[in-house]
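**Q** Structure: entry20.pdb, PDB, C-alpha atoms.
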```pdb
ATOM      1  CA  MET A   5     -14.038 -21.344  -7.574
ATOM      2  CA  ILE A   6     -10.307 -21.693  -7.880
ATOM      3  CA  GLU A   7      -9.516 -21.155 -11.531
ATOM      4  CA  ASP A   8      -6.650 -22.659 -13.478
ATOM      5  CA  PHE A   9      -3.392 -20.863 -13.161
ATOM      6  CA  ARG A  10      -0.282 -21.290 -15.191
ATOM      7  CA  LYS A  11       3.337 -20.500 -14.720
ATOM      8  CA  HIS A  12       6.473 -20.696 -16.845
ATOM      9  CA  HIS A  13       9.151 -22.538 -14.933
ATOM     10  CA  GLY A  14      12.438 -23.465 -16.555
ATOM     11  CA  GLY A  15      11.120 -22.598 -20.004
ATOM     12  CA  GLN A  16       8.241 -25.117 -19.882
ATOM     13  CA  HIS A  17       4.575 -24.763 -19.084
ATOM     14  CA  SER A  18       3.160 -26.012 -15.778
ATOM     15  CA  THR A  19      -0.530 -25.999 -14.881
ATOM     16  CA  ILE A  20      -2.208 -26.472 -11.511
ATOM     17  CA  ASN A  21      -5.991 -26.715 -11.281
ATOM     18  CA  ILE A  22      -6.901 -27.043  -7.605
ATOM     19  CA  ASN A  23     -10.606 -27.683  -8.195
ATOM     20  CA  ASN A  24     -10.062 -30.562 -10.596
ATOM     21  CA  ALA A  25      -6.808 -31.606  -8.922
ATOM     22  CA  GLU A  26      -4.907 -31.564 -12.204
ATOM     23  CA  VAL A  27      -1.210 -30.893 -12.006
ATOM     24  CA  GLU A  28       1.251 -30.809 -14.878
ATOM     25  CA  GLN A  29       4.780 -31.134 -13.622
ATOM     26  CA  GLY A  30       7.573 -29.011 -15.079
ATOM     27  CA  PRO A  31      11.315 -28.882 -14.447
ATOM     28  CA  GLY A  32      12.036 -27.925 -10.879
ATOM     29  CA  LEU A  33       8.356 -28.041  -9.886
ATOM     30  CA  HIS A  34       7.316 -30.709  -7.408
ATOM     31  CA  LYS A  35       3.969 -32.339  -8.109
ATOM     32  CA  PRO A  36       1.617 -31.950  -5.136
ATOM     33  CA  PRO A  37      -0.697 -34.957  -4.768
ATOM     34  CA  PRO A  38      -4.185 -34.113  -6.226
ATOM     35  CA  SER A  39      -6.017 -35.323  -3.129
ATOM     36  CA  LYS A  40      -4.015 -32.926  -0.983
ATOM     37  CA  LEU A  41      -4.771 -30.020  -3.302
ATOM     38  CA  GLN A  42      -8.479 -30.800  -2.978
ATOM     39  CA  ARG A  43      -8.151 -30.759   0.796
ATOM     40  CA  LEU A  44      -6.521 -27.371   0.485
ATOM     41  CA  CYS A  45      -9.831 -26.040  -0.854
ATOM     42  CA  ARG A  46     -12.328 -27.966   1.251
ATOM     43  CA  ARG A  47     -10.877 -28.540   4.686
ATOM     44  CA  GLY A  48     -10.760 -26.271   7.691
ATOM     45  CA  PRO A  49     -13.212 -23.768   9.180
ATOM     46  CA  ALA A  50     -12.615 -21.323   6.308
ATOM     47  CA  PRO A  51     -12.257 -23.207   2.965
ATOM     48  CA  LEU A  52     -10.042 -21.476   0.423
ATOM     49  CA  LYS A  53     -11.965 -20.395  -2.662
ATOM     50  CA  SER A  54      -9.500 -18.399  -4.717
ATOM     51  CA  LEU A  55      -5.802 -18.019  -5.384
ATOM     52  CA  ARG A  56      -5.703 -14.727  -3.476
ATOM     53  CA  GLU A  57      -7.032 -16.524  -0.398
ATOM     54  CA  VAL A  58      -4.270 -19.099  -0.790
ATOM     55  CA  LEU A  59      -1.720 -16.267  -0.751
ATOM     56  CA  CYS A  60      -3.265 -14.814   2.420
ATOM     57  CA  VAL A  61      -2.549 -17.987   4.386
ATOM     58  CA  SER A  62       0.871 -18.665   5.849
ATOM     59  CA  GLY A  63       2.957 -21.575   4.661
ATOM     60  CA  LEU A  64       2.591 -23.391   7.976
ATOM     61  CA  ASP A  65      -1.208 -23.084   7.797
ATOM     62  CA  LEU A  66      -1.214 -24.458   4.250
ATOM     63  CA  GLN A  67       0.876 -27.414   5.399
ATOM     64  CA  ARG A  68      -1.546 -28.047   8.232
ATOM     65  CA  LEU A  69      -4.738 -27.622   6.178
ATOM     66  CA  ALA A  70      -3.726 -29.718   3.200
ATOM     67  CA  GLY A  71      -1.003 -31.970   4.562
ATOM     68  CA  LEU A  72       1.475 -30.681   1.980
ATOM     69  CA  SER A  73       5.206 -30.745   2.429
ATOM     70  CA  GLN A  74       7.176 -27.522   2.751
ATOM     71  CA  SER A  75       8.485 -27.766  -0.824
ATOM     72  CA  GLU A  76       4.987 -28.453  -2.187
ATOM     73  CA  VAL A  77       3.576 -25.431  -0.377
ATOM     74  CA  GLN A  78       6.377 -23.258  -1.749
ATOM     75  CA  ASP A  79       5.619 -24.402  -5.320
ATOM     76  CA  VAL A  80       1.914 -23.622  -4.899
ATOM     77  CA  LEU A  81       2.611 -20.154  -3.457
ATOM     78  CA  VAL A  82       5.119 -19.246  -6.183
ATOM     79  CA  ALA A  83       2.744 -20.355  -8.939
ATOM     80  CA  ALA A  84      -0.239 -18.545  -7.402
ATOM     81  CA  ALA A  85       1.734 -15.324  -6.948
ATOM     82  CA  SER A  86       2.962 -15.374 -10.542
ATOM     83  CA  VAL A  87      -0.630 -15.343 -11.761
ATOM     84  CA  CYS A  88      -2.095 -12.832  -9.308
ATOM     85  CA  ARG A  89       0.475 -10.086  -9.795
ATOM     86  CA  ARG A  90      -0.208  -7.766 -12.697
ATOM     87  CA  ARG A  91       3.354  -6.604 -13.190
ATOM     88  CA  ARG A  92       6.764  -8.136 -12.894
ATOM     89  CA  PRO A  93       8.302  -7.637  -9.462
ATOM     90  CA  ILE A  94      10.832  -4.879  -8.826
ATOM     91  CA  THR A  95      14.119  -5.978  -7.336
ATOM     92  CA  ALA A  96      15.831  -4.302  -4.400
ATOM     93  CA  LEU A  97      18.665  -3.238  -6.713
ATOM     94  CA  GLN A  98      16.214  -1.464  -9.024
ATOM     95  CA  LEU A  99      14.678   0.352  -6.073
ATOM     96  CA  GLN A 100      18.133   1.357  -4.809
ATOM     97  CA  GLN A 101      19.075   2.693  -8.228
ATOM     98  CA  ALA A 102      15.768   4.599  -8.220
ATOM     99  CA  ASP A 103      15.264   3.975 -11.929
ATOM    100  CA  PRO A 104      12.943   0.936 -12.324
ATOM    101  CA  ARG A 105      11.009   0.810 -15.611
ATOM    102  CA  GLY A 106      10.767   4.459 -16.405
ATOM    103  CA  PHE A 107      10.465   5.829 -12.881
ATOM    104  CA  GLU A 108      11.862   9.300 -12.518
ATOM    105  CA  SER A 109      15.381   8.775 -11.270
ATOM    106  CA  GLY A 110      15.927   9.746  -7.647
ATOM    107  CA  LEU A 111      12.779  11.885  -7.483
ATOM    108  CA  ARG A 112      11.657  12.586  -3.903
ATOM    109  CA  LEU A 113       9.090  14.809  -2.238
ATOM    110  CA  SER A 114      10.555  17.102   0.403
ATOM    111  CA  VAL A 115       8.942  17.132   3.837
ATOM    112  CA  GLY A 116       9.736  20.827   4.162
ATOM    113  CA  CYS A 117      11.980  20.272   7.175
ATOM    114  CA  PRO A 118      15.751  20.053   6.541
ATOM    115  CA  VAL A 119      16.283  17.693   9.486
ATOM    116  CA  LEU A 120      13.581  15.241   8.372
ATOM    117  CA  ASP A 121      14.646  15.493   4.742
ATOM    118  CA  GLN A 122      18.175  14.532   5.748
ATOM    119  CA  LEU A 123      16.892  11.535   7.712
ATOM    120  CA  LEU A 124      14.724  10.469   4.761
ATOM    121  CA  ARG A 125      17.536  10.989   2.235
ATOM    122  CA  GLY A 126      15.731  13.857   0.559
ATOM    123  CA  GLY A 127      12.111  13.142   1.454
ATOM    124  CA  LEU A 128       9.477  10.598   0.493
ATOM    125  CA  PRO A 129      10.287   8.520  -2.616
ATOM    126  CA  ALA A 130       8.117   9.424  -5.594
ATOM    127  CA  VAL A 131       7.150   5.773  -6.001
ATOM    128  CA  GLY A 132       6.141   3.691  -3.013
ATOM    129  CA  VAL A 133       3.894   3.497   0.014
ATOM    130  CA  THR A 134       5.163   5.039   3.240
ATOM    131  CA  GLU A 135       3.523   4.185   6.541
ATOM    132  CA  LEU A 136       3.790   6.807   9.280
ATOM    133  CA  SER A 137       2.902   5.256  12.625
ATOM    134  CA  GLY A 138       3.110   6.556  16.146
ATOM    135  CA  GLN A 139       1.253   7.221  19.338
ATOM    136  CA  SER A 140      -1.512   9.790  19.612
ATOM    137  CA  GLY A 141      -0.210  13.363  19.682
ATOM    138  CA  GLY A 142       3.049  12.546  17.889
ATOM    139  CA  GLY A 143       2.472  14.958  14.988
ATOM    140  CA  LYS A 144       1.496  12.407  12.317
ATOM    141  CA  THR A 145      -1.424  14.414  10.930
ATOM    142  CA  GLN A 146       0.671  17.577  11.038
ATOM    143  CA  LEU A 147       3.266  15.935   8.808
ATOM    144  CA  GLY A 148       0.543  14.754   6.419
ATOM    145  CA  LEU A 149      -0.779  18.313   6.156
ATOM    146  CA  GLN A 150       2.714  19.696   5.607
ATOM    147  CA  LEU A 151       3.302  17.240   2.762
ATOM    148  CA  SER A 152      -0.006  18.338   1.230
ATOM    149  CA  LEU A 153       1.527  21.805   0.956
ATOM    150  CA  THR A 154       5.126  20.983   0.004
ATOM    151  CA  VAL A 155       3.927  18.897  -2.951
ATOM    152  CA  GLN A 156       2.613  22.128  -4.483
ATOM    153  CA  TYR A 157       6.057  23.749  -4.681
ATOM    154  CA  PRO A 158       8.062  23.429  -7.906
ATOM    155  CA  ARG A 159      10.681  20.692  -8.089
ATOM    156  CA  GLU A 160      13.591  23.028  -7.528
ATOM    157  CA  HIS A 161      12.126  23.651  -4.070
ATOM    158  CA  GLY A 162      11.415  20.010  -3.222
ATOM    159  CA  GLY A 163       7.830  19.795  -4.496
ATOM    160  CA  LEU A 164       6.124  18.114  -7.421
ATOM    161  CA  SER A 165       4.131  21.082  -8.780
ATOM    162  CA  SER A 166       0.781  19.477  -8.093
ATOM    163  CA  GLY A 167      -1.915  19.032  -5.448
ATOM    164  CA  ALA A 168      -2.744  16.486  -2.766
ATOM    165  CA  LEU A 169      -5.566  14.045  -2.118
ATOM    166  CA  TYR A 170      -6.196  13.839   1.635
ATOM    167  CA  ILE A 171      -8.484  10.987   2.721
ATOM    168  CA  CYS A 172      -9.902  11.085   6.262
ATOM    169  CA  THR A 173     -11.345   7.894   7.738
ATOM    170  CA  GLU A 174     -11.848   8.843  11.399
ATOM    171  CA  ASP A 175     -11.831  12.506  12.394
ATOM    172  CA  PRO A 176     -13.030  15.486  10.329
ATOM    173  CA  PHE A 177     -10.387  17.137   8.189
ATOM    174  CA  PRO A 178      -8.390  19.640  10.323
ATOM    175  CA  ILE A 179      -9.065  22.658   8.145
ATOM    176  CA  LYS A 180      -7.979  25.187  10.802
ATOM    177  CA  ARG A 181      -4.593  23.492  11.195
ATOM    178  CA  LEU A 182      -4.141  23.548   7.427
ATOM    179  CA  GLN A 183      -4.952  27.260   7.283
ATOM    180  CA  GLN A 184      -2.432  27.923  10.044
ATOM    181  CA  LEU A 185       0.253  26.045   8.118
ATOM    182  CA  ILE A 186      -0.571  27.989   4.971
ATOM    183  CA  SER A 187      -0.271  31.323   6.771
ATOM    184  CA  GLU A 188       3.094  30.253   8.237
ATOM    185  CA  GLN A 189       4.625  29.111   4.926
ATOM    186  CA  PRO A 190       6.758  32.270   4.447
ATOM    187  CA  ALA A 191       8.381  31.644   7.847
ATOM    188  CA  LEU A 192       8.582  27.845   7.504
ATOM    189  CA  ARG A 193       9.983  27.958   3.954
ATOM    190  CA  SER A 194      12.533  30.753   4.148
ATOM    191  CA  ASP A 195      14.408  29.023   1.307
ATOM    192  CA  VAL A 196      11.585  29.859  -1.108
ATOM    193  CA  PRO A 197      11.125  33.397  -2.480
ATOM    194  CA  PRO A 198       8.094  35.071  -0.856
ATOM    195  CA  SER A 199       6.790  36.076  -4.286
ATOM    196  CA  LEU A 200       6.600  32.408  -5.294
ATOM    197  CA  ILE A 201       4.795  31.415  -2.094
ATOM    198  CA  SER A 202       2.220  34.167  -2.603
ATOM    199  CA  ARG A 203       1.402  32.861  -6.083
ATOM    200  CA  ILE A 204       0.590  29.317  -4.892
ATOM    201  CA  ARG A 205      -3.069  28.817  -4.058
ATOM    202  CA  PHE A 206      -2.453  26.145  -1.433
ATOM    203  CA  SER A 207      -6.017  25.608  -0.200
ATOM    204  CA  ASP A 208      -7.393  25.169  -3.742
ATOM    205  CA  GLN A 209      -5.091  22.238  -4.427
ATOM    206  CA  VAL A 210      -5.884  20.034  -1.433
ATOM    207  CA  TYR A 211      -8.679  17.625  -2.362
ATOM    208  CA  ILE A 212     -10.457  16.211   0.693
ATOM    209  CA  GLU A 213     -12.356  12.921   0.895
ATOM    210  CA  HIS A 214     -14.169  11.424   3.887
ATOM    211  CA  THR A 215     -14.542   7.633   3.904
ATOM    212  CA  ALA A 216     -16.233   6.020   6.898
ATOM    213  CA  ASP A 217     -15.854   2.391   5.817
ATOM    214  CA  LEU A 218     -13.681   0.155   3.664
ATOM    215  CA  GLU A 219     -16.135   0.071   0.786
ATOM    216  CA  SER A 220     -16.185   3.855   0.382
ATOM    217  CA  LEU A 221     -12.381   3.938   0.732
ATOM    218  CA  GLN A 222     -11.976   1.391  -2.049
ATOM    219  CA  VAL A 223     -14.391   3.359  -4.252
ATOM    220  CA  CYS A 224     -12.371   6.504  -3.664
ATOM    221  CA  LEU A 225      -9.080   4.807  -4.532
ATOM    222  CA  SER A 226     -10.422   2.925  -7.565
ATOM    223  CA  CYS A 227     -12.617   5.649  -9.099
ATOM    224  CA  ARG A 228     -11.966   9.206  -7.924
ATOM    225  CA  ALA A 229      -8.236   9.037  -7.165
ATOM    226  CA  PRO A 230      -7.219   7.779 -10.655
ATOM    227  CA  ILE A 231      -9.147  10.659 -12.266
ATOM    228  CA  LEU A 232      -7.333  13.279 -10.182
ATOM    229  CA  LEU A 233      -3.986  11.595 -10.819
ATOM    230  CA  ALA A 234      -4.551  11.221 -14.556
ATOM    231  CA  GLN A 235      -5.464  14.912 -14.877
ATOM    232  CA  GLY A 236      -2.307  15.939 -13.018
ATOM    233  CA  LEU A 237      -4.268  17.606 -10.239
ATOM    234  CA  VAL A 238      -2.776  15.387  -7.523
ATOM    235  CA  ARG A 239       0.720  14.034  -6.929
ATOM    236  CA  ILE A 240       0.438  12.634  -3.393
ATOM    237  CA  ILE A 241      -2.194  10.566  -1.600
ATOM    238  CA  VAL A 242      -2.477  10.847   2.191
ATOM    239  CA  ILE A 243      -4.726   8.383   4.064
ATOM    240  CA  ASP A 244      -5.406   9.212   7.711
ATOM    241  CA  SER A 245      -5.777   6.473   8.857
ATOM    242  CA  VAL A 246      -5.799   2.929   7.436
ATOM    243  CA  ALA A 247      -5.701   0.440  10.306
ATOM    244  CA  ALA A 248      -8.677   1.975  12.129
ATOM    245  CA  LEU A 249     -11.111   0.821   9.433
ATOM    246  CA  PHE A 250      -9.835  -2.745   9.511
ATOM    247  CA  ARG A 251     -10.006  -2.888  13.304
ATOM    248  CA  CYS A 252     -13.618  -1.702  13.250
ATOM    249  CA  GLU A 253     -14.933  -3.906  10.456
ATOM    250  CA  PHE A 254     -13.299  -7.258  11.217
ATOM    251  CA  GLN A 255     -13.463  -9.407  14.334
ATOM    252  CA  ALA A 256     -10.389 -11.267  15.504
ATOM    253  CA  ASP A 257     -11.716 -14.641  14.296
ATOM    254  CA  ASN A 258     -12.375 -13.309  10.774
ATOM    255  CA  TRP A 259      -8.676 -13.217   9.999
ATOM    256  CA  LEU A 260      -8.887 -14.750   6.506
ATOM    257  CA  GLU A 261     -11.249 -12.136   5.082
ATOM    258  CA  ARG A 262      -9.348  -9.360   6.867
ATOM    259  CA  ASN A 263      -6.035 -10.480   5.404
ATOM    260  CA  LYS A 264      -7.619 -10.768   1.966
ATOM    261  CA  GLN A 265      -8.903  -7.194   2.157
ATOM    262  CA  LEU A 266      -5.516  -5.970   3.442
ATOM    263  CA  LEU A 267      -3.771  -7.626   0.511
ATOM    264  CA  THR A 268      -6.197  -6.113  -1.992
ATOM    265  CA  PHE A 269      -5.956  -2.668  -0.421
ATOM    266  CA  SER A 270      -2.147  -2.718  -0.300
ATOM    267  CA  SER A 271      -1.954  -3.895  -3.919
ATOM    268  CA  ASN A 272      -4.247  -1.082  -5.062
ATOM    269  CA  LEU A 273      -2.089   1.532  -3.344
ATOM    270  CA  HIS A 274       1.106   0.159  -4.900
ATOM    271  CA  ARG A 275      -0.565   0.051  -8.312
ATOM    272  CA  LEU A 276      -1.603   3.715  -8.096
ATOM    273  CA  SER A 277       1.840   4.746  -6.884
ATOM    274  CA  ILE A 278       3.659   2.919  -9.678
ATOM    275  CA  GLU A 279       1.259   3.875 -12.465
ATOM    276  CA  PHE A 280       1.284   7.600 -11.670
ATOM    277  CA  ASN A 281       4.731   7.976 -10.033
ATOM    278  CA  THR A 282       2.964   9.200  -6.918
ATOM    279  CA  PRO A 283       4.020   8.868  -3.268
ATOM    280  CA  VAL A 284       1.410   7.428  -0.918
ATOM    281  CA  LEU A 285       1.462   8.227   2.803
ATOM    282  CA  CYS A 286      -0.587   6.065   5.167
ATOM    283  CA  ILE A 287      -0.961   7.356   8.714
ATOM    284  CA  ASN A 288      -1.690   4.893  11.531
ATOM    285  CA  GLN A 289      -1.918   5.237  15.268
ATOM    286  CA  ARG A 290       0.405   2.722  16.846
ATOM    287  CA  PRO A 291      -1.211   0.532  19.515
ATOM    288  CA  ASP A 292       0.547  -0.168  22.796
ATOM    289  CA  PRO A 293       2.227  -2.614  22.595
ATOM    290  CA  PRO A 294       2.342  -2.655  18.753
ATOM    291  CA  ASP A 295       3.501  -6.268  18.456
ATOM    292  CA  HIS A 296       0.128  -7.502  19.710
ATOM    293  CA  ASP A 297      -1.786  -5.868  16.873
ATOM    294  CA  PRO A 298      -1.986  -7.968  13.652
ATOM    295  CA  ILE A 299      -2.732  -4.843  11.598
ATOM    296  CA  ALA A 300       0.164  -2.774  12.921
ATOM    297  CA  ARG A 301       2.329  -3.820   9.971
ATOM    298  CA  TRP A 302      -0.352  -4.103   7.311
ATOM    299  CA  ALA A 303       1.640  -3.122   4.230
ATOM    300  CA  ASP A 304       3.956  -5.339   2.212
ATOM    301  CA  PRO A 305       7.394  -4.660   3.748
ATOM    302  CA  ALA A 306       9.107  -5.388   0.449
ATOM    303  CA  HIS A 307       7.470  -2.366  -1.198
ATOM    304  CA  SER A 308       6.900  -0.010   1.716
ATOM    305  CA  ASN A 309       8.774   2.413   3.897
ATOM    306  CA  LEU A 310       8.121   2.678   7.627
ATOM    307  CA  VAL A 311       8.519   5.841   9.644
ATOM    308  CA  GLN A 312       7.607   5.747  13.324
ATOM    309  CA  SER A 313       7.018   8.892  15.342
ATOM    310  CA  ASP A 314       6.782   9.396  19.103
ATOM    311  CA  PRO A 315       5.699  12.458  21.037
ATOM    312  CA  ALA A 316       8.629  14.412  22.386
TER     313      ALA A 316
END
```
Since I need it in another form, could you write the structure as structure tokens?
**A**
Amino acid sequence: MIEDFRKHHGGQHSTININNAEVEQGPGLHKPPPSKLQRLCRRGPAPLKSLREVLCVSGLDLQRLAGLSQSEVQDVLVAAASVCRRRRPITALQLQQADPRGFESGLRLSVGCPVLDQLLRGGLPAVGVTELSGQSGGGKTQLGLQLSLTVQYPREHGGLSSGALYICTEDPFPIKRLQQLISEQPALRSDVPPSLISRIRFSDQVYIEHTADLESLQVCLSCRAPILLAQGLVRIIVIDSVAALFRCEFQADNWLERNKQLLTFSSNLHRLSIEFNTPVLCINQRPDPPDHDPIARWADPAHSNLVQSDPA
């Protein structure tokens, strides 16, 4: 069922009820014909049943399915988005100033490599979702493991004084590689006093989860992750990888449900990042060629960072 949704436009109230085809017109809001709004729900091979499904469909598809004009489609999308989002949007200027609504100003998580930190302007932003994509063997998992260790350093050494939640969706967690990185920390972090490194119990502060399907991944992010974040035990979430689950669970013709799940998943990650001031790193293997894969750019580009890696 598509429930009523309301928006404030120009200081006046406007209501659109797609099921009952009721539209109250406000200043600046075009009035889509009721019959066309009904067709938006009932026509096509995959009828739209909720506002989130409406937002998963492109404007051109909405025009084709319902016979709406471009301006009418834009009004419907703006009104639907205003209801579905839980928080007011953050502008690009606020992100650039690094101080939106109480976020810690300019806070970044160091990668532990001076060259990469310089390229990333200090490291990963404390708030936001960063996608690390590249071909197999490019060092993506290695960087995720390194971040799981650097987050445990105090802030004066580029860390966040907390642990890491590492979620594996494909391969087993590379525990031997993590132990090697831990043993090499004195050499890799020569800028940190050896006495400080010896006091950090790195392996005790990396929380590992294995999720073999989307349902278990969503349970982890909605139930277990918030508990760790709220208790201050975790200050970064690493997911290795995201796109693999969507490729396995959805066929090419099931694009509407896939896009709906992608939207929900991306929104949950952004919500966790904003609520707990926590960086989120999503690792994906880049297909060849990447432009042919609809999941290659799964995250909302307006709220995400993209780092691509290639083997040397």
**Q** Please list as number ranges by chain every residue within 10 Å of Glu174 (chain A), counting all atoms listed in the file and excluding residues in the same chain fewer than 2 positions away.
**A** A: 171-172, 176-177, 214-217, 244-246, 248-249
**Q** Run the PyMOL selection byres ((chain A and resi 151-160) around 8) against the file shown and list the residues it catches, as a PyMOL selection string.
**A** chain A and resi 113-116+147-150+161-170+186+204+206+209-210+239-240+242
**Q** Figure out the distance between CA of Arg112 (chain A) and CA of Asp195 (chain A), please, to one decimal in Å.
**A**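 Here the two named atoms are 17.5 Å from each other.
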**Q** Which residues, written as a list in words, have at least one atom at most 7 Å from region 56-68 of chain A, with only C-alpha atoms counted and residues fewer than 5 positions away on the same chain left out?
**A**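 These residues fall inside the cut-off: Ser73, Gln74, Val77, Leu81, Leu260, Asn263 and Lys264 of chain A.
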**Q** Please write as a VMD selection string the full residue list that the PyMOL selection byres ((chain A and resi 273-276) around 9) yields on this file.
**A** chain A and resid 90 131 to 133 225 to 226 229 to 230 233 268 to 272 277 to 282 284 307 to 308
**Q** Would you translate the PyMOL selection byres ((chain A and resi 135) around 6) into the concrete set of residues it matches in this file, as number ranges by chain?
**A** A: 134, 136, 285-287, 310
**Q** Go through A:Pro178, A:Ser187, A:Ser75, A:Leu192 one by one, measure the shortest atom-to-atom distance of each to Arg205 (chain A) using all atoms listed in the file, and give the residue with the smallest value.
**A**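 Closest residue, counting all atoms listed in the file: A:Ser187.
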**Q** Provide the CA of Ala130 (chain A) to CA of Asp175 (chain A) distance in Å, to one decimal place.
**A**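 Spanning CA of Ala130 (chain A) to CA of Asp175 (chain A) is a straight-line distance of 27.0 Å.
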**Q** For CA of Gly143 (chain A) and CA of Ala191 (chain A), quote the distance in Å rounded to one decimal.
**A**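 Between CA of Gly143 (chain A) and CA of Ala191 (chain A) the gap works out to 19.1 Å.
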**Q** Extending 5 Å beyond the listed atoms of region 243-256 of chain A on each side, what axis-aligned box results? I want centre and edge lengths in Å to one decimal, as AutoDock Vina command-line options.
**A**
```
--center_x -9.8 --center_y -1.0 --center_z 9.8 --size_x 20.2 --size_y 30.5 --size_z 21.4
```
**Q** Given all atoms listed in the file as the basis, pick out the residue of A:Ile243, A:Ala83, A:Ile201, A:Val196 nearest to Glu213 (chain A).
**A**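 For Glu213 (chain A), the nearest of the given residues is A:Ile243.
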**Q** Of the candidates A:Gln222, A:Thr173, A:Leu200, A:Arg181, which one gets nearest to Cys252 (chain A) if we count all atoms listed in the file?
**A**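 Among the listed residues, the smallest separation from Cys252 (chain A) belongs to A:Thr173.
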